[in-house]
Amino acid sequence: ENCSFLYTRHLNMYFVALTKSNVNPALVFEYLFQKIRVLKAYLGEDFDENSMRNNMTLIYELMDETMDFGYPQNCAVDVLRLYINLGNVKPQDEPEPQQLTKQITGAIDWRREGIRYKKNEVYIDVLESVNLLISSTGGILRSEVTGRVQMNTKLTGMPECKFGLNDKLVIEKESAAGRKKPGVEIDDCTFHRCVRLGKFDADRTITFIPPDGEFELMRYRVNDNVNLPFRLIPAVQEESQTK
């Protein structure tokens, strides 16, 4: 009674969160998604009901570390693997107690200290999808571009990276200063939690200390001034009134 159920699905299993208070639903769903991501890291991408039954000890440990008195805690796989080495996660070298405490309670829990590479490398992939709704006369009823920025970082230490956007707000500031450049109006965007949102709100630069390896930096959507990659001309021919 007076309870709210929020759930998401993985294969034939439902992950359900129960609350009696007026919580932020985005927070609850984000925790459920992160929980599934952690379970995929420990049990495999296609873990099922039998996998969870056979690893109940691991499930209890992960629940204890990721949730405390109803509040989401540490859901970073790189940190959890430092002291929970069951399942498919490979154990790492035993960290020093001070380093482990800092990793768990610090602000940067998505990247551990002491990472070393002989050669620093950063790979960036921008993946975009064009969605169109066209009328029978060829007119565009709705158009949008959705994109995401995938990164693969192999950097030494704790580097700070910056990623710039040529969106409308930046262009307007530069136009006021006498510089004019073509820009794109980004309607909404979501970021990885490593991004410093305060810096983005201030000067529209994406500043972050990246996780090690592959991760999704951001997602975005553009609705206006979409340049179509091709033109669609519908041709409808009626054979007869009965077909």
# chains A, B, ... in the order shown; residues from 1 in each chain; ligands from 1
>>> residues_around(residues="A:Leu62", least_positions_apart="6", cutoff="12 Å", atoms="only C-alpha atoms", output="JSON, numbers by chain")
{"A": [34, 35, 36, 37, 38, 39, 41, 42, 43, 52, 55, 56, 68, 72, 73, 74, 75, 76, 77, 79, 80, 81, 83, 84, 85, 86, 87]}
>>> select_by_dssp(residues="stretch 17-153 of chain A", states="alpha helix (DSSP H)", output="ChimeraX atom specification")
/A:25-43,49-53,56-66,77-80,97-105
>>> atom_distance(atom1="atom CA of A:His10", atom2="atom CA of A:Phe47")
8.8 Å
>>> residues_around(residues="A:Tyr123", least_positions_apart="3", cutoff="7 Å", atoms="only C-alpha atoms", output="list of chain:residue names")
A:Met151, A:Asn152, A:Thr153
>>> residues_around(residues="A:Ser143", least_positions_apart="5", cutoff="12 Å", atoms="only C-alpha atoms", output="ChimeraX atom specification")
/A:129-135,221-229
>>> closest_residue(among="A:Asp187, A:Glu65, A:Glu239, A:Asp201", to="A:Arg219", atoms="only C-alpha atoms")
A:Asp187
>>> atom_distance(atom1="atom CA of A:Gly157", atom2="atom CA of A:Arg193")
18.8 Å
>>> closest_residue(among="A:Asn12, A:Tyr220, A:Gly164, A:Val236", to="A:Thr205", atoms="only C-alpha atoms")
A:Gly164
>>> closest_residue(among="A:Thr146, A:Ala26, A:Ser136, A:Pro159", to="A:Ala235", atoms="only C-alpha atoms")
A:Ser136
>>> residues_around(residues="A:Arg9", least_positions_apart="2", cutoff="12 Å", atoms="only C-alpha atoms", output="PDB file with N, CA, C and O atoms, in the first residue's frame")
ATOM      1  N   LEU A   6       9.281   0.560  -9.583  1.00  0.00           N
ATOM      2  CA  LEU A   6       9.999   0.964 -10.792  1.00  0.00           C
ATOM      3  C   LEU A   6      10.853  -0.212 -11.229  1.00  0.00           C
ATOM      4  O   LEU A   6      11.572  -0.798 -10.405  1.00  0.00           O
ATOM      5  N   TYR A   7      10.787  -0.554 -12.487  1.00  0.00           N
ATOM      6  CA  TYR A   7      11.485  -1.764 -12.918  1.00  0.00           C
ATOM      7  C   TYR A   7      12.070  -1.594 -14.315  1.00  0.00           C
ATOM      8  O   TYR A   7      11.645  -0.741 -15.099  1.00  0.00           O
ATOM      9  N   LEU A  11      16.749  -9.716 -20.340  1.00  0.00           N
ATOM     10  CA  LEU A  11      16.322 -11.028 -20.817  1.00  0.00           C
ATOM     11  C   LEU A  11      14.937 -11.346 -20.241  1.00  0.00           C
ATOM     12  O   LEU A  11      13.998 -10.607 -20.469  1.00  0.00           O
ATOM     13  N   ASN A  12      14.807 -12.432 -19.476  1.00  0.00           N
ATOM     14  CA  ASN A  12      13.506 -12.797 -18.905  1.00  0.00           C
ATOM     15  C   ASN A  12      13.390 -12.424 -17.433  1.00  0.00           C
ATOM     16  O   ASN A  12      12.508 -12.913 -16.737  1.00  0.00           O
ATOM     17  N   MET A  13      14.265 -11.548 -16.954  1.00  0.00           N
ATOM     18  CA  MET A  13      14.262 -11.149 -15.549  1.00  0.00           C
ATOM     19  C   MET A  13      13.880  -9.675 -15.408  1.00  0.00           C
ATOM     20  O   MET A  13      14.231  -8.852 -16.252  1.00  0.00           O
ATOM     21  N   TYR A  14      13.174  -9.370 -14.327  1.00  0.00           N
ATOM     22  CA  TYR A  14      12.790  -8.001 -14.009  1.00  0.00           C
ATOM     23  C   TYR A  14      13.560  -7.542 -12.769  1.00  0.00           C
ATOM     24  O   TYR A  14      13.562  -8.224 -11.746  1.00  0.00           O
ATOM     25  N   PHE A  15      14.192  -6.373 -12.879  1.00  0.00           N
ATOM     26  CA  PHE A  15      14.869  -5.759 -11.743  1.00  0.00           C
ATOM     27  C   PHE A  15      13.958  -4.637 -11.235  1.00  0.00           C
ATOM     28  O   PHE A  15      13.712  -3.660 -11.950  1.00  0.00           O
ATOM     29  N   VAL A  16      13.468  -4.808 -10.010  1.00  0.00           N
ATOM     30  CA  VAL A  16      12.426  -3.942  -9.478  1.00  0.00           C
ATOM     31  C   VAL A  16      12.950  -3.178  -8.271  1.00  0.00           C
ATOM     32  O   VAL A  16      13.624  -3.751  -7.403  1.00  0.00           O
ATOM     33  N   ALA A  17      12.640  -1.881  -8.222  1.00  0.00           N
ATOM     34  CA  ALA A  17      12.937  -1.040  -7.061  1.00  0.00           C
ATOM     35  C   ALA A  17      11.616  -0.619  -6.429  1.00  0.00           C
ATOM     36  O   ALA A  17      10.675  -0.229  -7.131  1.00  0.00           O
ATOM     37  N   PHE A  29      16.119   4.615 -11.793  1.00  0.00           N
ATOM     38  CA  PHE A  29      16.398   3.891 -13.035  1.00  0.00           C
ATOM     39  C   PHE A  29      17.888   3.868 -13.342  1.00  0.00           C
ATOM     40  O   PHE A  29      18.408   2.877 -13.846  1.00  0.00           O
ATOM     41  N   LEU A  32      19.327   1.116 -11.311  1.00  0.00           N
ATOM     42  CA  LEU A  32      18.996  -0.199 -11.872  1.00  0.00           C
ATOM     43  C   LEU A  32      19.853  -0.494 -13.101  1.00  0.00           C
ATOM     44  O   LEU A  32      20.350  -1.618 -13.276  1.00  0.00           O
ATOM     45  N   PHE A  33      20.040   0.505 -13.954  1.00  0.00           N
ATOM     46  CA  PHE A  33      20.882   0.303 -15.138  1.00  0.00           C
ATOM     47  C   PHE A  33      22.331   0.024 -14.748  1.00  0.00           C
ATOM     48  O   PHE A  33      22.997  -0.849 -15.328  1.00  0.00           O
ATOM     49  N   LYS A  35      23.302  -1.229 -11.934  1.00  0.00           N
ATOM     50  CA  LYS A  35      23.328  -2.546 -11.296  1.00  0.00           C
ATOM     51  C   LYS A  35      23.436  -3.659 -12.330  1.00  0.00           C
ATOM     52  O   LYS A  35      24.211  -4.611 -12.172  1.00  0.00           O
ATOM     53  N   ILE A  36      22.677  -3.543 -13.406  1.00  0.00           N
ATOM     54  CA  ILE A  36      22.756  -4.533 -14.481  1.00  0.00           C
ATOM     55  C   ILE A  36      24.127  -4.500 -15.133  1.00  0.00           C
ATOM     56  O   ILE A  36      24.693  -5.547 -15.477  1.00  0.00           O
ATOM     57  N   ASP A  48      21.792 -15.038 -16.711  1.00  0.00           N
ATOM     58  CA  ASP A  48      20.384 -15.383 -16.599  1.00  0.00           C
ATOM     59  C   ASP A  48      20.037 -15.718 -15.149  1.00  0.00           C
ATOM     60  O   ASP A  48      20.838 -15.501 -14.226  1.00  0.00           O
TER      61      ASP A  48
END
>>> select_by_dssp(residues="chain A", states="strand (DSSP E)", output="ChimeraX atom specification")
/A:4-10,13-19,67-68,71-72,121-134,140-154,161-164,188-191,205-208,213-222
>>> residues_around(residues="A:Thr19", least_positions_apart="6", cutoff="10 Å", atoms="only C-alpha atoms", output="list in words")
Asn2, Cys3, Ser4, Phe5, Leu6, Val28 and Gly70 of chain A
>>> write_last_selection(atoms="all heavy atoms", output="compact mmCIF listing (two decimals), in the first residue's frame")
# COMPACT_ATOMS: atom_id res chain seq x y z
N ASN A 2 0.51 2.24 -0.84
CA ASN A 2 1.25 3.49 -0.97
C ASN A 2 2.70 3.25 -1.37
O ASN A 2 3.60 3.96 -0.91
CB ASN A 2 1.19 4.29 0.34
CG ASN A 2 -0.22 4.70 0.70
OD1 ASN A 2 -1.04 4.96 -0.18
ND2 ASN A 2 -0.50 4.74 2.00
N CYS A 3 2.92 2.27 -2.20
CA CYS A 3 4.26 1.95 -2.68
C CYS A 3 4.33 2.15 -4.19
O CYS A 3 3.34 1.94 -4.90
CB CYS A 3 4.65 0.51 -2.34
SG CYS A 3 4.81 0.19 -0.57
N SER A 4 5.48 2.56 -4.66
CA SER A 4 5.73 2.72 -6.09
C SER A 4 6.75 1.68 -6.53
O SER A 4 7.76 1.46 -5.86
CB SER A 4 6.25 4.13 -6.40
OG SER A 4 5.29 5.10 -6.02
N PHE A 5 6.48 1.05 -7.66
CA PHE A 5 7.36 0.04 -8.21
C PHE A 5 7.97 0.58 -9.51
O PHE A 5 7.24 1.01 -10.41
CB PHE A 5 6.60 -1.26 -8.49
CG PHE A 5 6.05 -1.92 -7.27
CD1 PHE A 5 4.80 -1.57 -6.76
CD2 PHE A 5 6.78 -2.90 -6.60
CE1 PHE A 5 4.29 -2.18 -5.63
CE2 PHE A 5 6.29 -3.51 -5.47
CZ PHE A 5 5.04 -3.15 -4.98
N LEU A 6 9.28 0.56 -9.58
CA LEU A 6 10.00 0.96 -10.79
C LEU A 6 10.85 -0.21 -11.23
O LEU A 6 11.57 -0.80 -10.40
CB LEU A 6 10.87 2.20 -10.54
CG LEU A 6 10.14 3.46 -10.07
CD1 LEU A 6 10.13 3.54 -8.54
CD2 LEU A 6 10.81 4.71 -10.64
N VAL A 28 16.47 6.34 -9.58
CA VAL A 28 16.19 4.92 -9.38
C VAL A 28 16.52 4.12 -10.64
O VAL A 28 17.18 3.07 -10.58
CB VAL A 28 14.71 4.72 -8.99
CG1 VAL A 28 14.40 3.24 -8.82
CG2 VAL A 28 14.39 5.48 -7.71
N GLY A 70 19.13 2.18 1.51
CA GLY A 70 18.27 2.74 0.47
C GLY A 70 18.90 3.81 -0.39
O GLY A 70 18.24 4.35 -1.28
>>> decode(residues="stretch 22-45 of chain A", atoms="N, CA, C and O atoms", output="PDB file, in the first residue's frame")
ATOM      1  N   ASN A  22       8.549   9.973  -2.285  1.00  0.00           N
ATOM      2  CA  ASN A  22       8.526  10.619  -3.602  1.00  0.00           C
ATOM      3  C   ASN A  22       9.959  10.834  -4.081  1.00  0.00           C
ATOM      4  O   ASN A  22      10.506  11.930  -4.012  1.00  0.00           O
ATOM      5  N   VAL A  23      10.575   9.775  -4.580  1.00  0.00           N
ATOM      6  CA  VAL A  23      11.970   9.837  -4.993  1.00  0.00           C
ATOM      7  C   VAL A  23      12.067  10.296  -6.440  1.00  0.00           C
ATOM      8  O   VAL A  23      11.079  10.310  -7.187  1.00  0.00           O
ATOM      9  N   ASN A  24      13.268  10.660  -6.834  1.00  0.00           N
ATOM     10  CA  ASN A  24      13.535  11.021  -8.221  1.00  0.00           C
ATOM     11  C   ASN A  24      13.574   9.735  -9.055  1.00  0.00           C
ATOM     12  O   ASN A  24      14.470   8.915  -8.873  1.00  0.00           O
ATOM     13  N   PRO A  25      12.641   9.520  -9.978  1.00  0.00           N
ATOM     14  CA  PRO A  25      12.641   8.265 -10.747  1.00  0.00           C
ATOM     15  C   PRO A  25      13.872   8.091 -11.614  1.00  0.00           C
ATOM     16  O   PRO A  25      14.309   6.960 -11.854  1.00  0.00           O
ATOM     17  N   ALA A  26      14.463   9.199 -12.079  1.00  0.00           N
ATOM     18  CA  ALA A  26      15.671   9.082 -12.898  1.00  0.00           C
ATOM     19  C   ALA A  26      16.818   8.472 -12.085  1.00  0.00           C
ATOM     20  O   ALA A  26      17.613   7.687 -12.608  1.00  0.00           O
ATOM     21  N   LEU A  27      16.893   8.837 -10.800  1.00  0.00           N
ATOM     22  CA  LEU A  27      17.925   8.269  -9.936  1.00  0.00           C
ATOM     23  C   LEU A  27      17.726   6.770  -9.770  1.00  0.00           C
ATOM     24  O   LEU A  27      18.684   5.988  -9.830  1.00  0.00           O
ATOM     25  N   VAL A  28      16.475   6.342  -9.577  1.00  0.00           N
ATOM     26  CA  VAL A  28      16.191   4.922  -9.383  1.00  0.00           C
ATOM     27  C   VAL A  28      16.524   4.123 -10.638  1.00  0.00           C
ATOM     28  O   VAL A  28      17.176   3.073 -10.576  1.00  0.00           O
ATOM     29  N   PHE A  29      16.119   4.615 -11.793  1.00  0.00           N
ATOM     30  CA  PHE A  29      16.398   3.891 -13.035  1.00  0.00           C
ATOM     31  C   PHE A  29      17.888   3.868 -13.342  1.00  0.00           C
ATOM     32  O   PHE A  29      18.408   2.877 -13.846  1.00  0.00           O
ATOM     33  N   GLU A  30      18.579   4.950 -13.039  1.00  0.00           N
ATOM     34  CA  GLU A  30      20.024   4.967 -13.262  1.00  0.00           C
ATOM     35  C   GLU A  30      20.706   3.926 -12.385  1.00  0.00           C
ATOM     36  O   GLU A  30      21.635   3.235 -12.825  1.00  0.00           O
ATOM     37  N   TYR A  31      20.239   3.779 -11.141  1.00  0.00           N
ATOM     38  CA  TYR A  31      20.812   2.749 -10.275  1.00  0.00           C
ATOM     39  C   TYR A  31      20.536   1.357 -10.832  1.00  0.00           C
ATOM     40  O   TYR A  31      21.415   0.493 -10.829  1.00  0.00           O
ATOM     41  N   LEU A  32      19.327   1.116 -11.311  1.00  0.00           N
ATOM     42  CA  LEU A  32      18.996  -0.199 -11.872  1.00  0.00           C
ATOM     43  C   LEU A  32      19.853  -0.494 -13.101  1.00  0.00           C
ATOM     44  O   LEU A  32      20.350  -1.618 -13.276  1.00  0.00           O
ATOM     45  N   PHE A  33      20.040   0.505 -13.954  1.00  0.00           N
ATOM     46  CA  PHE A  33      20.882   0.303 -15.138  1.00  0.00           C
ATOM     47  C   PHE A  33      22.331   0.024 -14.748  1.00  0.00           C
ATOM     48  O   PHE A  33      22.997  -0.849 -15.328  1.00  0.00           O
ATOM     49  N   GLN A  34      22.825   0.782 -13.752  1.00  0.00           N
ATOM     50  CA  GLN A  34      24.200   0.560 -13.306  1.00  0.00           C
ATOM     51  C   GLN A  34      24.342  -0.808 -12.635  1.00  0.00           C
ATOM     52  O   GLN A  34      25.379  -1.463 -12.766  1.00  0.00           O
ATOM     53  N   LYS A  35      23.302  -1.229 -11.934  1.00  0.00           N
ATOM     54  CA  LYS A  35      23.328  -2.546 -11.296  1.00  0.00           C
ATOM     55  C   LYS A  35      23.436  -3.659 -12.330  1.00  0.00           C
ATOM     56  O   LYS A  35      24.211  -4.611 -12.172  1.00  0.00           O
ATOM     57  N   ILE A  36      22.677  -3.543 -13.406  1.00  0.00           N
ATOM     58  CA  ILE A  36      22.756  -4.533 -14.481  1.00  0.00           C
ATOM     59  C   ILE A  36      24.127  -4.500 -15.133  1.00  0.00           C
ATOM     60  O   ILE A  36      24.693  -5.547 -15.477  1.00  0.00           O
ATOM     61  N   ARG A  37      24.688  -3.308 -15.290  1.00  0.00           N
ATOM     62  CA  ARG A  37      26.028  -3.206 -15.874  1.00  0.00           C
ATOM     63  C   ARG A  37      27.072  -3.888 -14.994  1.00  0.00           C
ATOM     64  O   ARG A  37      27.978  -4.577 -15.489  1.00  0.00           O
ATOM     65  N   VAL A  38      26.940  -3.725 -13.679  1.00  0.00           N
ATOM     66  CA  VAL A  38      27.873  -4.387 -12.765  1.00  0.00           C
ATOM     67  C   VAL A  38      27.715  -5.900 -12.837  1.00  0.00           C
ATOM     68  O   VAL A  38      28.705  -6.644 -12.876  1.00  0.00           O
ATOM     69  N   LEU A  39      26.473  -6.376 -12.882  1.00  0.00           N
ATOM     70  CA  LEU A  39      26.238  -7.818 -12.967  1.00  0.00           C
ATOM     71  C   LEU A  39      26.761  -8.396 -14.277  1.00  0.00           C
ATOM     72  O   LEU A  39      27.253  -9.524 -14.311  1.00  0.00           O
ATOM     73  N   LYS A  40      26.667  -7.630 -15.354  1.00  0.00           N
ATOM     74  CA  LYS A  40      27.222  -8.091 -16.627  1.00  0.00           C
ATOM     75  C   LYS A  40      28.737  -8.244 -16.539  1.00  0.00           C
ATOM     76  O   LYS A  40      29.310  -9.168 -17.113  1.00  0.00           O
ATOM     77  N   ALA A  41      29.380  -7.341 -15.796  1.00  0.00           N
ATOM     78  CA  ALA A  41      30.834  -7.419 -15.648  1.00  0.00           C
ATOM     79  C   ALA A  41      31.247  -8.644 -14.843  1.00  0.00           C
ATOM     80  O   ALA A  41      32.283  -9.255 -15.105  1.00  0.00           O
ATOM     81  N   TYR A  42      30.419  -9.025 -13.861  1.00  0.00           N
ATOM     82  CA  TYR A  42      30.769 -10.148 -12.987  1.00  0.00           C
ATOM     83  C   TYR A  42      30.241 -11.487 -13.498  1.00  0.00           C
ATOM     84  O   TYR A  42      30.900 -12.514 -13.316  1.00  0.00           O
ATOM     85  N   LEU A  43      29.072 -11.482 -14.122  1.00  0.00           N
ATOM     86  CA  LEU A  43      28.433 -12.744 -14.512  1.00  0.00           C
ATOM     87  C   LEU A  43      28.416 -12.976 -16.012  1.00  0.00           C
ATOM     88  O   LEU A  43      28.013 -14.051 -16.449  1.00  0.00           O
ATOM     89  N   GLY A  44      28.838 -11.986 -16.797  1.00  0.00           N
ATOM     90  CA  GLY A  44      28.806 -12.124 -18.245  1.00  0.00           C
ATOM     91  C   GLY A  44      27.671 -11.311 -18.843  1.00  0.00           C
ATOM     92  O   GLY A  44      26.676 -10.996 -18.185  1.00  0.00           O
ATOM     93  N   GLU A  45      27.808 -10.973 -20.122  1.00  0.00           N
ATOM     94  CA  GLU A  45      26.822 -10.136 -20.787  1.00  0.00           C
ATOM     95  C   GLU A  45      25.438 -10.771 -20.812  1.00  0.00           C
ATOM     96  O   GLU A  45      24.428 -10.084 -20.738  1.00  0.00           O
TER      97      GLU A  45
END
